[in-house]
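One file, model01.txt, is given below (compact mmCIF, C-alpha atoms).
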```
# COMPACT_ATOMS: atom_id res chain seq x y z
CA MET A 1 -21.90 -21.81 4.06
CA SER A 2 -19.47 -19.93 6.29
CA LEU A 3 -16.78 -20.20 3.59
CA LEU A 4 -19.16 -18.60 1.08
CA ILE A 5 -19.99 -15.78 3.50
CA ASN A 6 -16.30 -15.15 4.22
CA SER A 7 -15.51 -15.17 0.50
CA ARG A 8 -18.24 -12.62 -0.19
CA ARG A 9 -17.11 -10.48 2.71
CA ARG A 10 -13.51 -10.46 1.47
CA LEU A 11 -14.70 -9.59 -2.02
CA LEU A 12 -16.82 -6.74 -0.64
CA ILE A 13 -13.90 -5.43 1.41
CA ARG A 14 -11.63 -5.67 -1.62
CA TYR A 15 -13.94 -3.69 -3.89
CA ALA A 16 -14.68 -1.13 -1.18
CA SER A 17 -10.95 -0.59 -0.62
CA ILE A 18 -10.26 -0.29 -4.36
CA GLY A 19 -13.15 2.15 -4.79
CA ALA A 20 -12.17 4.33 -1.82
CA GLY A 21 -8.50 4.36 -2.83
CA SER A 22 -9.21 5.19 -6.48
CA LEU A 23 -11.52 8.02 -5.44
CA LEU A 24 -8.90 9.46 -3.06
CA CYS A 25 -6.35 9.46 -5.91
CA ALA A 26 -8.83 11.32 -8.10
CA VAL A 27 -9.55 13.91 -5.40
CA SER A 28 -5.85 14.49 -4.78
CA ILE A 29 -5.33 15.36 -8.45
CA ASN A 30 -8.02 18.04 -8.53
CA THR A 31 -7.50 19.38 -5.02
CA PHE A 32 -3.72 19.68 -4.88
CA LEU A 33 -1.99 18.92 -8.19
CA VAL A 34 -4.00 20.56 -10.98
CA PRO A 35 -4.25 24.02 -9.34
CA HIS A 36 -0.43 24.23 -9.30
CA HIS A 37 0.25 22.54 -12.66
CA LEU A 38 1.83 19.51 -11.03
CA LEU A 39 1.65 15.99 -12.43
CA SER A 40 0.64 12.57 -11.23
CA GLY A 41 2.37 9.40 -12.35
CA GLY A 42 1.48 7.03 -15.17
CA LEU A 43 -1.29 7.63 -17.69
CA ALA A 44 -2.84 10.26 -15.44
CA GLY A 45 0.35 12.29 -15.79
CA ILE A 46 0.14 12.11 -19.58
CA ALA A 47 -3.52 13.14 -19.46
CA MET A 48 -2.68 16.05 -17.16
CA ILE A 49 -0.07 17.35 -19.63
CA ALA A 50 -2.75 17.30 -22.36
CA HIS A 51 -5.15 19.02 -19.97
CA TYR A 52 -2.70 21.84 -19.27
CA LEU A 53 -1.98 22.31 -22.98
CA PHE A 54 -5.45 21.86 -24.49
CA ASN A 55 -7.86 21.84 -21.50
CA TRP A 56 -9.01 18.30 -22.33
CA PRO A 57 -10.77 16.36 -19.51
CA ILE A 58 -8.25 14.29 -17.58
CA GLY A 59 -10.53 11.41 -16.61
CA LEU A 60 -11.83 10.87 -20.14
CA LEU A 61 -8.29 10.86 -21.56
CA VAL A 62 -7.15 8.31 -18.99
CA ALA A 63 -10.13 6.09 -19.80
CA LEU A 64 -9.46 6.27 -23.56
CA MET A 65 -5.76 5.45 -23.10
CA ASN A 66 -6.75 2.46 -20.97
CA VAL A 67 -8.95 0.88 -23.67
CA PRO A 68 -6.17 -0.95 -25.57
CA LEU A 69 -4.46 -1.88 -22.31
CA PHE A 70 -7.60 -3.50 -20.92
CA TYR A 71 -8.10 -5.34 -24.20
CA LEU A 72 -4.67 -6.89 -23.69
CA ALA A 73 -5.34 -7.47 -19.99
CA TYR A 74 -8.54 -9.37 -20.79
CA GLN A 75 -6.55 -11.73 -23.03
CA GLN A 76 -3.46 -12.12 -20.86
CA PHE A 77 -4.56 -12.08 -17.22
CA ASP A 78 -7.13 -13.84 -15.08
CA LYS A 79 -10.65 -12.45 -15.07
CA GLU A 80 -10.63 -11.61 -11.36
CA PHE A 81 -7.72 -9.20 -11.84
CA PHE A 82 -9.32 -7.81 -15.01
CA PHE A 83 -12.62 -6.91 -13.37
CA CYS A 84 -10.98 -5.51 -10.23
CA ALA A 85 -8.69 -3.33 -12.35
CA LEU A 86 -11.59 -2.26 -14.58
CA TYR A 87 -13.62 -1.26 -11.53
CA GLY A 88 -10.69 0.71 -10.10
CA MET A 89 -10.06 2.46 -13.41
CA LEU A 90 -13.73 3.45 -13.81
CA VAL A 91 -13.94 4.86 -10.27
CA PHE A 92 -10.65 6.72 -10.79
CA THR A 93 -11.50 8.24 -14.18
CA LEU A 94 -15.07 9.15 -13.27
CA GLY A 95 -13.85 10.53 -9.96
CA ILE A 96 -11.37 12.84 -11.69
CA ASP A 97 -13.95 14.40 -14.01
CA LEU A 98 -16.71 14.53 -11.38
CA THR A 99 -14.46 16.34 -8.88
CA ARG A 100 -12.86 18.76 -11.34
CA TRP A 101 -14.90 21.53 -9.66
CA LEU A 102 -12.38 21.32 -6.81
CA SER A 103 -9.54 22.70 -8.95
CA PRO A 104 -10.73 26.34 -9.18
CA LEU A 105 -11.22 26.46 -5.40
CA GLN A 106 -7.44 26.23 -4.88
CA VAL A 107 -7.83 24.82 -1.38
CA VAL A 108 -4.08 25.25 -0.75
CA ASP A 109 -2.35 28.30 -2.22
CA ASP A 110 1.15 27.21 -1.19
CA ILE A 111 2.75 24.97 -3.84
CA LEU A 112 4.95 23.13 -1.32
CA LEU A 113 1.98 22.24 0.88
CA ALA A 114 0.04 21.17 -2.20
CA THR A 115 2.98 19.00 -3.25
CA ILE A 116 3.21 17.27 0.12
CA TYR A 117 -0.49 16.77 0.75
CA GLY A 118 -1.16 15.78 -2.83
CA GLY A 119 1.43 13.04 -2.36
CA VAL A 120 -0.03 12.05 1.02
CA LEU A 121 -3.60 11.74 -0.28
CA SER A 122 -2.63 9.88 -3.45
CA GLY A 123 -0.32 7.66 -1.39
CA ILE A 124 -3.15 6.70 0.94
CA GLY A 125 -5.39 6.02 -2.05
CA SER A 126 -2.82 3.89 -3.86
CA GLY A 127 -2.03 2.04 -0.65
CA LEU A 128 -5.69 1.12 -0.16
CA VAL A 129 -5.81 -0.22 -3.73
CA PHE A 130 -2.54 -2.17 -3.60
CA ARG A 131 -3.17 -3.47 -0.07
CA VAL A 132 -5.97 -5.70 -1.43
CA ASP A 133 -4.00 -6.62 -4.57
CA GLY A 134 -6.06 -4.23 -6.68
CA SER A 135 -5.26 -1.95 -9.58
CA SER A 136 -6.66 1.03 -11.46
CA GLY A 137 -5.17 -0.01 -14.79
CA GLY A 138 -2.76 2.21 -16.71
CA THR A 139 0.94 1.61 -16.20
CA ASP A 140 0.18 -1.29 -13.83
CA ILE A 141 -0.98 -3.30 -16.84
CA ILE A 142 1.99 -2.19 -18.95
CA ALA A 143 4.40 -3.20 -16.18
CA MET A 144 2.74 -6.59 -15.67
CA LEU A 145 2.79 -7.35 -19.39
CA LEU A 146 6.50 -6.49 -19.60
CA LYS A 147 7.18 -8.61 -16.54
CA LYS A 148 5.27 -11.54 -18.00
CA TYR A 149 7.07 -11.57 -21.35
CA TYR A 150 10.42 -9.93 -20.63
CA ALA A 151 10.90 -10.46 -16.87
CA PHE A 152 11.11 -6.71 -16.23
CA ASN A 153 10.85 -5.48 -12.65
CA VAL A 154 7.39 -3.93 -12.16
CA SER A 155 8.61 -1.05 -9.98
CA TYR A 156 11.40 -0.19 -12.43
CA VAL A 157 8.93 0.06 -15.31
CA GLY A 158 6.78 2.55 -13.39
CA LEU A 159 9.88 4.53 -12.39
CA GLU A 160 11.13 4.76 -15.96
CA ILE A 161 7.74 5.91 -17.25
CA ASN A 162 7.57 8.60 -14.58
CA CYS A 163 11.13 9.74 -15.38
CA VAL A 164 10.11 10.24 -19.01
CA LEU A 165 7.07 12.21 -17.82
CA MET A 166 9.23 14.43 -15.65
CA THR A 167 11.57 15.13 -18.57
CA ILE A 168 8.63 16.17 -20.74
CA ALA A 169 7.14 18.28 -17.92
CA ALA A 170 10.46 20.07 -17.34
CA PHE A 171 10.70 20.86 -21.06
CA LEU A 172 7.10 22.12 -21.34
CA PHE A 173 6.49 23.83 -18.00
CA GLY A 174 9.94 24.44 -16.53
CA ILE A 175 12.20 22.63 -14.11
CA LYS A 176 10.54 23.92 -10.93
CA PRO A 177 7.11 22.25 -11.39
CA ALA A 178 8.90 19.04 -12.42
CA MET A 179 10.94 19.07 -9.21
CA TYR A 180 7.84 19.64 -7.09
CA THR A 181 6.17 16.76 -8.92
CA LEU A 182 9.09 14.47 -8.11
CA LEU A 183 8.76 15.43 -4.44
CA SER A 184 5.03 14.68 -4.54
CA MET A 185 5.70 11.28 -6.13
CA TYR A 186 8.28 10.46 -3.47
CA VAL A 187 5.86 11.38 -0.66
CA GLY A 188 3.13 9.37 -2.35
CA ALA A 189 5.33 6.29 -2.76
CA THR A 190 6.41 6.47 0.90
CA ILE A 191 2.83 6.75 2.16
CA THR A 192 1.70 3.96 -0.16
CA ASP A 193 4.32 1.68 1.36
CA LYS A 194 3.19 2.60 4.88
CA VAL A 195 -0.46 1.91 4.09
CA ILE A 196 0.35 -1.44 2.47
CA GLN A 197 2.42 -2.51 5.48
CA GLY A 198 -0.01 -1.08 7.99
CA PHE A 199 0.43 1.84 10.36
CA ASN A 200 -0.42 -0.28 13.39
CA LYS A 201 2.97 -1.88 13.91
CA LYS A 202 3.24 -5.21 15.64
CA LYS A 203 6.23 -6.84 17.32
CA THR A 204 7.43 -10.41 17.49
CA ILE A 205 9.05 -11.53 20.73
CA THR A 206 11.26 -14.58 21.17
CA ILE A 207 11.95 -15.66 24.75
CA ILE A 208 14.47 -18.30 25.86
CA SER A 209 14.18 -19.19 29.51
CA ASP A 210 14.43 -22.09 31.95
CA TYR A 211 10.97 -21.02 33.18
CA ASN A 212 9.22 -20.96 29.83
CA GLU A 213 6.05 -22.67 31.10
CA ALA A 214 5.59 -20.17 33.94
CA ILE A 215 6.25 -17.21 31.62
CA ALA A 216 3.81 -18.54 29.03
CA ASP A 217 1.09 -19.07 31.64
CA ALA A 218 1.58 -15.54 33.00
CA ILE A 219 1.37 -13.99 29.53
CA LEU A 220 -1.76 -15.97 28.71
CA THR A 221 -3.39 -14.99 32.01
CA GLU A 222 -2.46 -11.31 32.20
CA ILE A 223 -2.39 -10.33 28.51
CA GLY A 224 -4.51 -12.97 26.81
CA ARG A 225 -2.25 -13.19 23.75
CA GLY A 226 -1.67 -16.54 22.04
CA ILE A 227 1.75 -18.16 22.36
CA THR A 228 3.64 -20.68 20.25
CA PHE A 229 6.33 -22.99 21.62
CA LEU A 230 9.24 -23.63 19.26
CA ASN A 231 11.67 -26.49 19.78
CA GLY A 232 15.19 -25.17 20.39
CA GLU A 233 18.58 -26.67 21.09
CA GLY A 234 21.73 -25.01 22.38
CA ALA A 235 24.62 -25.37 19.91
CA TYR A 236 27.26 -25.52 22.66
CA THR A 237 25.42 -27.42 25.40
CA SER A 238 23.08 -29.47 23.17
CA ASN A 239 20.40 -28.81 25.78
CA LYS A 240 16.88 -29.01 24.34
CA ARG A 241 14.28 -26.53 25.49
CA LYS A 242 11.09 -24.82 24.42
CA VAL A 243 11.35 -21.32 22.98
CA ILE A 244 8.45 -18.89 23.39
CA PHE A 245 7.34 -17.08 20.25
CA ILE A 246 4.63 -14.41 20.43
CA VAL A 247 3.24 -11.58 18.31
CA VAL A 248 2.04 -8.54 20.27
CA LYS A 249 0.96 -4.95 19.94
CA LEU A 250 3.33 -2.13 20.92
CA THR A 251 1.34 -1.39 24.06
CA GLN A 252 1.86 -4.96 25.34
CA ILE A 253 5.66 -5.05 25.18
CA ALA A 254 6.25 -3.37 28.56
CA LYS A 255 3.90 -5.83 30.29
CA ILE A 256 5.69 -8.83 28.81
CA LYS A 257 9.09 -7.42 29.82
CA ARG A 258 7.82 -7.02 33.37
CA ILE A 259 6.48 -10.60 33.45
CA VAL A 260 9.75 -12.04 32.13
CA ASN A 261 11.91 -10.02 34.53
CA GLU A 262 9.78 -11.06 37.50
CA LEU A 263 9.99 -14.77 36.66
CA ASP A 264 13.50 -15.07 35.22
CA THR A 265 16.08 -12.27 35.34
CA ASN A 266 18.42 -14.40 33.20
CA ALA A 267 15.91 -14.90 30.38
CA PHE A 268 17.05 -14.10 26.84
CA MET A 269 14.47 -12.01 24.96
CA ILE A 270 14.48 -10.64 21.40
CA VAL A 271 11.97 -8.00 20.25
CA GLN A 272 11.63 -7.46 16.50
CA ASP A 273 9.41 -5.50 14.12
CA ALA A 274 6.66 -7.36 12.27
CA THR A 275 5.82 -5.67 8.97
CA GLU A 276 2.31 -7.09 8.70
CA VAL A 277 0.36 -9.62 10.73
CA LEU A 278 -2.70 -11.40 9.38
CA GLY A 279 -4.92 -13.65 11.42
CA LYS A 280 -7.29 -13.84 14.35
CA GLY A 281 -6.70 -11.07 16.84
CA PHE A 282 -4.91 -8.86 14.32
CA SER A 283 -5.86 -7.84 10.78
CA LEU A 284 -7.68 -10.19 8.42
CA PRO A 285 -6.53 -10.90 4.87
CA GLY A 286 -8.36 -8.88 2.22
```
Take the structure in the file and write it out as structure tokens.
Amino acid sequence: MSLLINSRRRLLIRYASIGAGSLLCAVSINTFLVPHHLLSGGLAGIAMIAHYLFNWPIGLLVALMNVPLFYLAYQQFDKEFFFCALYGMLVFTLGIDLTRWLSPLQVVDDILLATIYGGVLSGIGSGLVFRVDGSSGGTDIIAMLLKKYYAFNVSYVGLEINCVLMTIAAFLFGIKPAMYTLLSMYVGATITDKVIQGFNKKKTITIISDYNEAIADAILTEIGRGITFLNGEGAYTSNKRKVIFIVVKLTQIAKIKRIVNELDTNAFMIVQDATEVLGKGFSLPG
């Protein structure tokens, strides 16, 4: 019963994250990009070019271009991915057309600020989607199909498509908007990476000491963080000893350093970055 509840909870979290992320991407287009004739990446970028030239609705165009891609996705990929991607695409496309009233408001009149914050907002949105292994269709499906049949790198496919878009944009609207768009894409990609990895950085600490039991007890008592003992052996001395391994938050590092220094001034301690930590006491898998 508990497994069923956890499964449903993870599914709910996944769809909520995909929905929120897709909506943020849609809002970023109408709030920051469209008022300054900038582009987004992928199919949305193609739809935005058509919108600037013929005033066609962006969301509807993206949805229509996704139809053949989702037909292929239904045949080629598992149904869980298909329905998650379909949900993300529907939220994204509907969100674009339902929030198009934001464009005339021109919330930010400075094109550089619009470029940066458009990238930030879309980056957060994309990060929320990708963090739970979601998708909003479009070039994600194209990239995955090419990877499946031709072993193409997914990120390279997206980059090449966006480079073609930038070339077209520079030809149609001038080099300056295209350069601002590239900056927005770079900011968005950077933020997406940060969101996927998690802003709340953790650290892993490895401690080698002759007083490992005392240090472990002190950490457990004062900080309450779980500890793992690893079996180690000195290459030169062949002495066997336990090695302390622990994952902590940034705010706990100073306390652990103090504990180690008080108990063993000769202890060897390594502090390293942990990109993402999943499990009890930290973040839970999506």
Could you give me, as a VMD selection string, the residues within 12 Å of Val132 (chain A), counting all atoms listed in the file and dropping anything in the same chain fewer than 3 positions from it?
chain A and resid 10 to 21 81 84 to 85 88 125 to 129 135 195 to 197 284 to 286
Find the spatial neighbours of region 63-72 of chain A, counting all atoms listed in the file, within a cut-off of 12 Å - ignore same-chain residues fewer than 4 positions away - and output them as number ranges by chain.
A: 42-47, 57-59, 76-79, 81-97, 135-146
Save out the residues we just selected, C-alpha atoms, as a PDB file, in the coordinates of the input.
```pdb
ATOM      1  CA  GLY A  42       1.480   7.030 -15.170  1.00  0.00           C
ATOM      2  CA  LEU A  43      -1.290   7.630 -17.690  1.00  0.00           C
ATOM      3  CA  ALA A  44      -2.840  10.260 -15.440  1.00  0.00           C
ATOM      4  CA  GLY A  45       0.350  12.290 -15.790  1.00  0.00           C
ATOM      5  CA  ILE A  46       0.140  12.110 -19.580  1.00  0.00           C
ATOM      6  CA  ALA A  47      -3.520  13.140 -19.460  1.00  0.00           C
ATOM      7  CA  PRO A  57     -10.770  16.360 -19.510  1.00  0.00           C
ATOM      8  CA  ILE A  58      -8.250  14.290 -17.580  1.00  0.00           C
ATOM      9  CA  GLY A  59     -10.530  11.410 -16.610  1.00  0.00           C
ATOM     10  CA  GLN A  76      -3.460 -12.120 -20.860  1.00  0.00           C
ATOM     11  CA  PHE A  77      -4.560 -12.080 -17.220  1.00  0.00           C
ATOM     12  CA  ASP A  78      -7.130 -13.840 -15.080  1.00  0.00           C
ATOM     13  CA  LYS A  79     -10.650 -12.450 -15.070  1.00  0.00           C
ATOM     14  CA  PHE A  81      -7.720  -9.200 -11.840  1.00  0.00           C
ATOM     15  CA  PHE A  82      -9.320  -7.810 -15.010  1.00  0.00           C
ATOM     16  CA  PHE A  83     -12.620  -6.910 -13.370  1.00  0.00           C
ATOM     17  CA  CYS A  84     -10.980  -5.510 -10.230  1.00  0.00           C
ATOM     18  CA  ALA A  85      -8.690  -3.330 -12.350  1.00  0.00           C
ATOM     19  CA  LEU A  86     -11.590  -2.260 -14.580  1.00  0.00           C
ATOM     20  CA  TYR A  87     -13.620  -1.260 -11.530  1.00  0.00           C
ATOM     21  CA  GLY A  88     -10.690   0.710 -10.100  1.00  0.00           C
ATOM     22  CA  MET A  89     -10.060   2.460 -13.410  1.00  0.00           C
ATOM     23  CA  LEU A  90     -13.730   3.450 -13.810  1.00  0.00           C
ATOM     24  CA  VAL A  91     -13.940   4.860 -10.270  1.00  0.00           C
ATOM     25  CA  PHE A  92     -10.650   6.720 -10.790  1.00  0.00           C
ATOM     26  CA  THR A  93     -11.500   8.240 -14.180  1.00  0.00           C
ATOM     27  CA  LEU A  94     -15.070   9.150 -13.270  1.00  0.00           C
ATOM     28  CA  GLY A  95     -13.850  10.530  -9.960  1.00  0.00           C
ATOM     29  CA  ILE A  96     -11.370  12.840 -11.690  1.00  0.00           C
ATOM     30  CA  ASP A  97     -13.950  14.400 -14.010  1.00  0.00           C
ATOM     31  CA  SER A 135      -5.260  -1.950  -9.580  1.00  0.00           C
ATOM     32  CA  SER A 136      -6.660   1.030 -11.460  1.00  0.00           C
ATOM     33  CA  GLY A 137      -5.170  -0.010 -14.790  1.00  0.00           C
ATOM     34  CA  GLY A 138      -2.760   2.210 -16.710  1.00  0.00           C
ATOM     35  CA  THR A 139       0.940   1.610 -16.200  1.00  0.00           C
ATOM     36  CA  ASP A 140       0.180  -1.290 -13.830  1.00  0.00           C
ATOM     37  CA  ILE A 141      -0.980  -3.300 -16.840  1.00  0.00           C
ATOM     38  CA  ILE A 142       1.990  -2.190 -18.950  1.00  0.00           C
ATOM     39  CA  ALA A 143       4.400  -3.200 -16.180  1.00  0.00           C
ATOM     40  CA  MET A 144       2.740  -6.590 -15.670  1.00  0.00           C
ATOM     41  CA  LEU A 145       2.790  -7.350 -19.390  1.00  0.00           C
ATOM     42  CA  LEU A 146       6.500  -6.490 -19.600  1.00  0.00           C
TER      43      LEU A 146
END
```
Nearest to Asp110 (chain A), restricted to all atoms listed in the file and choosing among A:Glu213, A:Met166, A:Phe32, A:Val187, comes out as A:Phe32
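Taking CA of Val248 (chain A) as the reference point, CA of Ala235 (chain A) is found at 28.2 Å.
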Any idea what's packed within 8 Å of region 37-41 of chain A, counting only C-alpha atoms, ignoring anything in its chain fewer than 6 positions away? Could you give it as a list in words?
Ile29, Met48, Ile49, Tyr52, Thr115, Asn162, Leu165, Pro177, Ala178, Tyr180, Thr181 and Met185 of chain A
Take every atom of region 115-134 of chain A listed in the file, fit an axis-aligned box around them, add 6 Å per side, and give the centre and edge lengths in Å to one decimal as AutoDock Vina command-line options.
```
--center_x -1.4 --center_y 6.2 --center_z -2.8 --size_x 21.3 --size_y 37.6 --size_z 19.7
```
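Put simply, CA of Ala26 (chain A) is 18.9 Å away from CA of Asp133 (chain A).
CA of Ser103 (chain A) is found 5.5 Å from CA of Thr31 (chain A).
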Closest to Ile270 (chain A) among A:Val247, A:Ile124, A:Ile5, A:Leu33, using only C-alpha atoms?
A:Val247
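In terms of minimum interatomic distance to Thr251 (chain A), A:Ile223 ranks closest within A:Ala274, A:Val164, A:Leu61, A:Ile223, counting only C-alpha atoms.
With distances taken over all atoms listed in the file, A:Ser209 is the one residue among A:Ser22, A:Gln272, A:Ser209, A:Asn239 lying closest to Val260 (chain A).
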